[in-house]
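Visitor: Structure file protein07.txt, compact mmCIF, C-alpha atoms, is pasted below:
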```
# COMPACT_ATOMS: atom_id res chain seq x y z
CA MET A 1 -48.81 -21.90 61.03
CA LYS A 2 -47.93 -19.95 57.97
CA ASN A 3 -46.46 -21.60 54.90
CA PHE A 4 -43.44 -19.70 53.60
CA ARG A 5 -42.14 -20.61 50.21
CA LYS A 6 -38.79 -19.51 49.01
CA SER A 7 -38.91 -18.11 45.49
CA LEU A 8 -35.95 -19.12 43.38
CA ALA A 9 -34.74 -16.70 40.72
CA ALA A 10 -33.48 -18.54 37.63
CA PHE A 11 -33.56 -18.44 33.84
CA SER A 12 -35.91 -20.74 32.02
CA MET A 13 -34.66 -23.04 29.28
CA VAL A 14 -36.40 -20.93 26.62
CA GLU A 15 -34.59 -17.77 27.76
CA ILE A 16 -31.24 -19.56 27.63
CA VAL A 17 -31.86 -20.86 24.10
CA VAL A 18 -32.91 -17.41 22.87
CA ALA A 19 -29.81 -15.79 24.44
CA LEU A 20 -27.52 -18.41 22.84
CA GLY A 21 -29.22 -17.85 19.47
CA VAL A 22 -28.67 -14.09 19.63
CA ALA A 23 -25.04 -14.53 20.73
CA SER A 24 -24.29 -17.07 17.98
CA PHE A 25 -25.89 -14.84 15.32
CA THR A 26 -23.71 -11.88 16.32
CA MET A 27 -20.56 -14.04 16.48
CA VAL A 28 -21.20 -15.41 12.97
CA SER A 29 -21.67 -11.84 11.69
CA ILE A 30 -18.45 -10.65 13.30
CA LEU A 31 -16.47 -13.62 12.00
CA GLY A 32 -17.93 -13.05 8.53
CA MET A 33 -16.51 -9.51 8.47
CA LEU A 34 -13.02 -10.60 9.56
CA PRO A 35 -11.69 -11.50 6.06
CA ILE A 36 -12.91 -8.15 4.69
CA GLY A 37 -11.15 -6.28 7.49
CA LEU A 38 -7.93 -8.20 6.95
CA SER A 39 -8.05 -7.53 3.20
CA ASN A 40 -8.60 -3.80 3.77
CA SER A 41 -5.75 -3.71 6.28
CA ARG A 42 -3.39 -5.44 3.82
CA SER A 43 -4.43 -3.09 1.03
CA SER A 44 -3.95 0.06 3.11
CA THR A 45 -0.51 -1.14 4.24
CA ALA A 46 0.54 -1.62 0.60
CA GLN A 47 -0.84 1.80 -0.36
CA THR A 48 0.98 3.48 2.52
CA GLY A 49 4.24 1.80 1.53
CA ALA A 50 3.78 2.89 -2.09
CA MET A 51 3.11 6.49 -1.11
CA ASN A 52 6.15 6.51 1.18
CA LEU A 53 8.22 5.17 -1.70
CA ILE A 54 6.86 7.79 -4.12
CA THR A 55 7.71 10.50 -1.58
CA ALA A 56 11.26 9.15 -1.23
CA ILE A 57 11.75 8.93 -5.01
CA ALA A 58 10.38 12.47 -5.53
CA ALA A 59 12.68 13.80 -2.81
CA ASP A 60 15.60 11.93 -4.38
CA LEU A 61 14.84 13.44 -7.79
CA LYS A 62 14.53 16.93 -6.29
CA ALA A 63 17.82 16.52 -4.38
CA THR A 64 19.75 15.65 -7.53
CA ALA A 65 22.37 18.27 -8.37
CA SER A 66 22.16 19.94 -11.76
CA GLY A 67 24.29 18.15 -14.31
CA ALA A 68 24.19 14.87 -12.37
CA THR A 69 23.18 11.82 -14.39
CA ALA A 70 21.81 9.79 -11.47
CA THR A 71 20.02 10.52 -8.22
CA PRO A 72 22.06 10.25 -5.01
CA ARG A 73 19.94 7.74 -3.07
CA PHE A 74 18.39 5.36 -5.61
CA ALA A 75 20.73 5.98 -8.59
CA ILE A 76 17.81 6.69 -10.92
CA VAL A 77 19.11 7.91 -14.28
CA THR A 78 17.81 11.45 -14.69
CA ASN A 79 18.63 12.19 -18.33
CA ALA A 80 17.21 9.04 -19.96
CA THR A 81 14.08 9.75 -21.98
CA GLY A 82 13.07 6.09 -22.26
CA GLY A 83 11.27 4.40 -19.41
CA GLN A 84 13.28 2.79 -16.64
CA THR A 85 12.10 0.14 -14.21
CA TYR A 86 13.32 -0.33 -10.67
CA TYR A 87 12.25 -2.83 -8.01
CA PHE A 88 12.01 -2.12 -4.30
CA ASN A 89 11.73 -4.47 -1.35
CA GLU A 90 10.02 -3.91 2.01
CA GLU A 91 12.93 -1.87 3.39
CA GLY A 92 13.17 0.39 0.31
CA THR A 93 16.30 -1.17 -1.14
CA VAL A 94 16.42 -0.63 -4.90
CA SER A 95 17.33 -3.15 -7.58
CA SER A 96 17.30 -2.92 -11.36
CA SER A 97 16.06 -6.52 -11.70
CA LEU A 98 13.20 -8.43 -10.14
CA GLN A 99 14.29 -10.15 -6.92
CA SER A 100 12.47 -12.72 -4.80
CA ASP A 101 11.84 -10.10 -2.09
CA SER A 102 10.71 -7.30 -4.45
CA ARG A 103 7.42 -5.78 -3.35
CA TYR A 104 7.04 -2.68 -5.55
CA LYS A 105 7.85 -1.91 -9.15
CA ALA A 106 8.71 1.70 -10.01
CA SER A 107 8.61 2.93 -13.60
CA VAL A 108 10.35 6.26 -14.17
CA GLN A 109 10.00 8.10 -17.44
CA ALA A 110 11.71 11.44 -18.09
CA VAL A 111 10.36 14.03 -20.48
CA LEU A 112 12.83 16.80 -21.38
CA MET A 113 11.07 20.10 -21.87
CA PRO A 114 13.08 21.85 -24.66
CA SER A 115 11.68 25.35 -24.15
CA THR A 116 12.39 25.42 -20.41
CA SER A 117 15.09 24.26 -18.09
CA GLU A 118 12.83 21.64 -16.56
CA THR A 119 12.76 17.87 -16.74
CA VAL A 120 9.48 16.24 -15.89
CA GLN A 121 9.71 12.76 -14.40
CA ARG A 122 6.63 10.54 -14.31
CA VAL A 123 6.94 7.97 -11.52
CA THR A 124 4.52 5.04 -11.37
CA ILE A 125 4.60 2.61 -8.44
CA SER A 126 2.73 -0.68 -8.76
CA TRP A 127 2.42 -3.69 -6.52
CA PRO A 128 3.02 -6.58 -6.29
CA ALA A 129 6.22 -6.28 -8.29
CA GLN A 130 5.74 -9.61 -10.06
CA ALA A 131 2.22 -8.82 -11.33
CA SER A 132 1.40 -7.85 -14.90
CA ALA A 133 -0.91 -4.93 -15.74
CA PRO A 134 -4.31 -6.66 -15.42
CA ASN A 135 -3.36 -8.42 -12.16
CA LEU A 136 -1.99 -5.48 -10.17
CA GLY A 137 -2.95 -5.07 -6.54
CA GLY A 138 -2.74 -1.31 -7.02
CA SER A 139 -0.70 1.53 -8.44
CA ALA A 140 0.06 5.19 -7.82
CA ASP A 141 1.41 7.94 -10.09
CA VAL A 142 3.21 11.20 -9.47
CA VAL A 143 4.83 13.76 -11.75
CA VAL A 144 8.00 15.42 -10.46
CA SER A 145 9.38 18.58 -12.04
CA GLN A 146 13.16 18.81 -11.80
CA SER A 147 15.13 21.94 -12.63
CA ARG A 148 18.19 21.39 -14.87
CA ASN A 149 19.90 24.66 -13.84
```
For the structure just supplied, provide its representation as structure tokens.
Guide:
Amino acid sequence: MKNFRKSLAAFSMVEIVVALGVASFTMVSILGMLPIGLSNSRSSTAQTGAMNLITAIAADLKATASGATATPRFAIVTNATGGQTYYFNEEGTVSSSLQSDSRYKASVQAVLMPSTSETVQRVTISWPAQASAPNLGGSADVVVSQSRN
């Protein structure tokens, strides 16, 4: 009579411990990168919003009719040579004073070019709106040339 033994295929305890160690190491690494990814996502969202706002302000300045004293969309004063500050919320609604829902601060400074018929507007967007200069989350600048003819 022949003795037949069934061979059982199974993992040993050492193999299971090693597999759990490798899995836990990778999970800890992935969870460690999560705050960095969230921070980068938040930062890129703020930068995108600021660039969209700069584009809207530049288009508003360019769409202003000659002789007009304020832009049609945001009512930015176009002939003031001193700096002006405006505050914008998430939806792009403008306010001349800091509100509880203000997200961006826009500083607009006009420079009248006497030898030409151009006005140069320097627009600076910074966020968050409540932050002072050393504590800004970020800022962006653009210079818009506006014809006065």
Visitor: Could you give me, as a VMD selection string, the residues within 6 Å of A:Tyr86, counting only C-alpha atoms and dropping anything in the same chain fewer than 2 positions from it?
Guide: chain A and resid 95 to 96 105 to 106
Visitor: Counting all atoms listed in the file, which of A:Thr64, A:Ser29, A:Thr81, A:Ser41 gets nearest to A:Val120?
Guide: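 For A:Val120, the nearest of the given residues is A:Thr81.
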Visitor: Could you jot down the atom CA of A:Thr48 to atom CA of A:Val94 separation for me, Å, one decimal place?
Guide: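 Going from atom CA of A:Thr48 over to atom CA of A:Val94, I get 17.6 Å.
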Visitor: Specify the axis-aligned box that encloses all atoms of stretch 133-140 of chain A listed in the file after padding of 8 Å on each side, stating its centre and edge lengths in Å to one decimal as JSON.
Guide:
```
{"center_x": -2.1, "center_y": -1.6, "center_z": -11.1, "size_x": 20.4, "size_y": 29.6, "size_z": 25.2}
```
Visitor: Set the distance at 12 Å and use all atoms listed in the file: which residues neighbour A:Gly138 once local chain neighbours fewer than 6 positions away are removed? I'd like the list as a short mmCIF file (atom, residue, chain, number, x, y, z; two decimals) with C-alpha atoms, in the coordinates of the input.
Guide:
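That gives us out36.cif:
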```cif
data_model
loop_
_atom_site.label_atom_id
_atom_site.label_comp_id
_atom_site.auth_asym_id
_atom_site.auth_seq_id
_atom_site.Cartn_x
_atom_site.Cartn_y
_atom_site.Cartn_z
CA ARG A 42 -3.39 -5.44 3.82
CA SER A 43 -4.43 -3.09 1.03
CA SER A 44 -3.95 0.06 3.11
CA THR A 45 -0.51 -1.14 4.24
CA ALA A 46 0.54 -1.62 0.60
CA GLN A 47 -0.84 1.80 -0.36
CA THR A 48 0.98 3.48 2.52
CA GLY A 49 4.24 1.80 1.53
CA ALA A 50 3.78 2.89 -2.09
CA MET A 51 3.11 6.49 -1.11
CA ARG A 103 7.42 -5.78 -3.35
CA TYR A 104 7.04 -2.68 -5.55
CA LYS A 105 7.85 -1.91 -9.15
CA THR A 124 4.52 5.04 -11.37
CA ILE A 125 4.60 2.61 -8.44
CA SER A 126 2.73 -0.68 -8.76
CA TRP A 127 2.42 -3.69 -6.52
CA PRO A 128 3.02 -6.58 -6.29
CA ALA A 129 6.22 -6.28 -8.29
CA ALA A 131 2.22 -8.82 -11.33
CA SER A 132 1.40 -7.85 -14.90
#
```
Visitor: Rank nothing, just name the residue among A:Asn89, A:Asn79, A:Ser139, A:Ser97 nearest to A:Thr119, using all atoms listed in the file.
Guide: A:Asn79
Visitor: For the atom pair atom CA of A:Ser145 and atom CA of A:Gly92, what is the interatomic distance in Å to one decimal place?
Guide: 22.3 Å
Visitor: I want to know what sits within 8 Å of A:Ala80, based on all atoms listed in the file, with residues of the same chain fewer than 3 positions away left out; could you give that as number ranges by chain?
Guide: A: 77, 83, 109-110
Visitor: Give me the residues within 9 Å of A:Ala75 as an MDAnalysis selection string, counting all atoms listed in the file and dropping any in the same chain fewer than 5 places off.
Guide: chainID A and resid 60 69:70 94
Visitor: Of the candidates A:Asn52, A:Thr26, A:Gln130, A:Gln121, which one gets nearest to A:Gln99 if we count all atoms listed in the file?
Guide: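 Residue with the minimum atom-to-atom distance to A:Gln99: A:Gln130.
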Visitor: Using only C-alpha atoms, find the one residue out of A:Val108, A:Ile76, A:Leu31, A:Ile16 that sits nearest to A:Ala63.
Guide: A:Ile76
Visitor: Go through A:Leu53, A:Ala58, A:Glu91, A:Ser115 and flag the residue nearest A:Val144, using only C-alpha atoms for the distances.
Guide: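 With only C-alpha atoms as the atom set, the closest residue is A:Ala58.
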Visitor: Just to confirm, what's the straight-line distance from atom CA of A:Gly137 to atom CA of A:Val123 in Å (one decimal)?
Guide: 17.1 Å
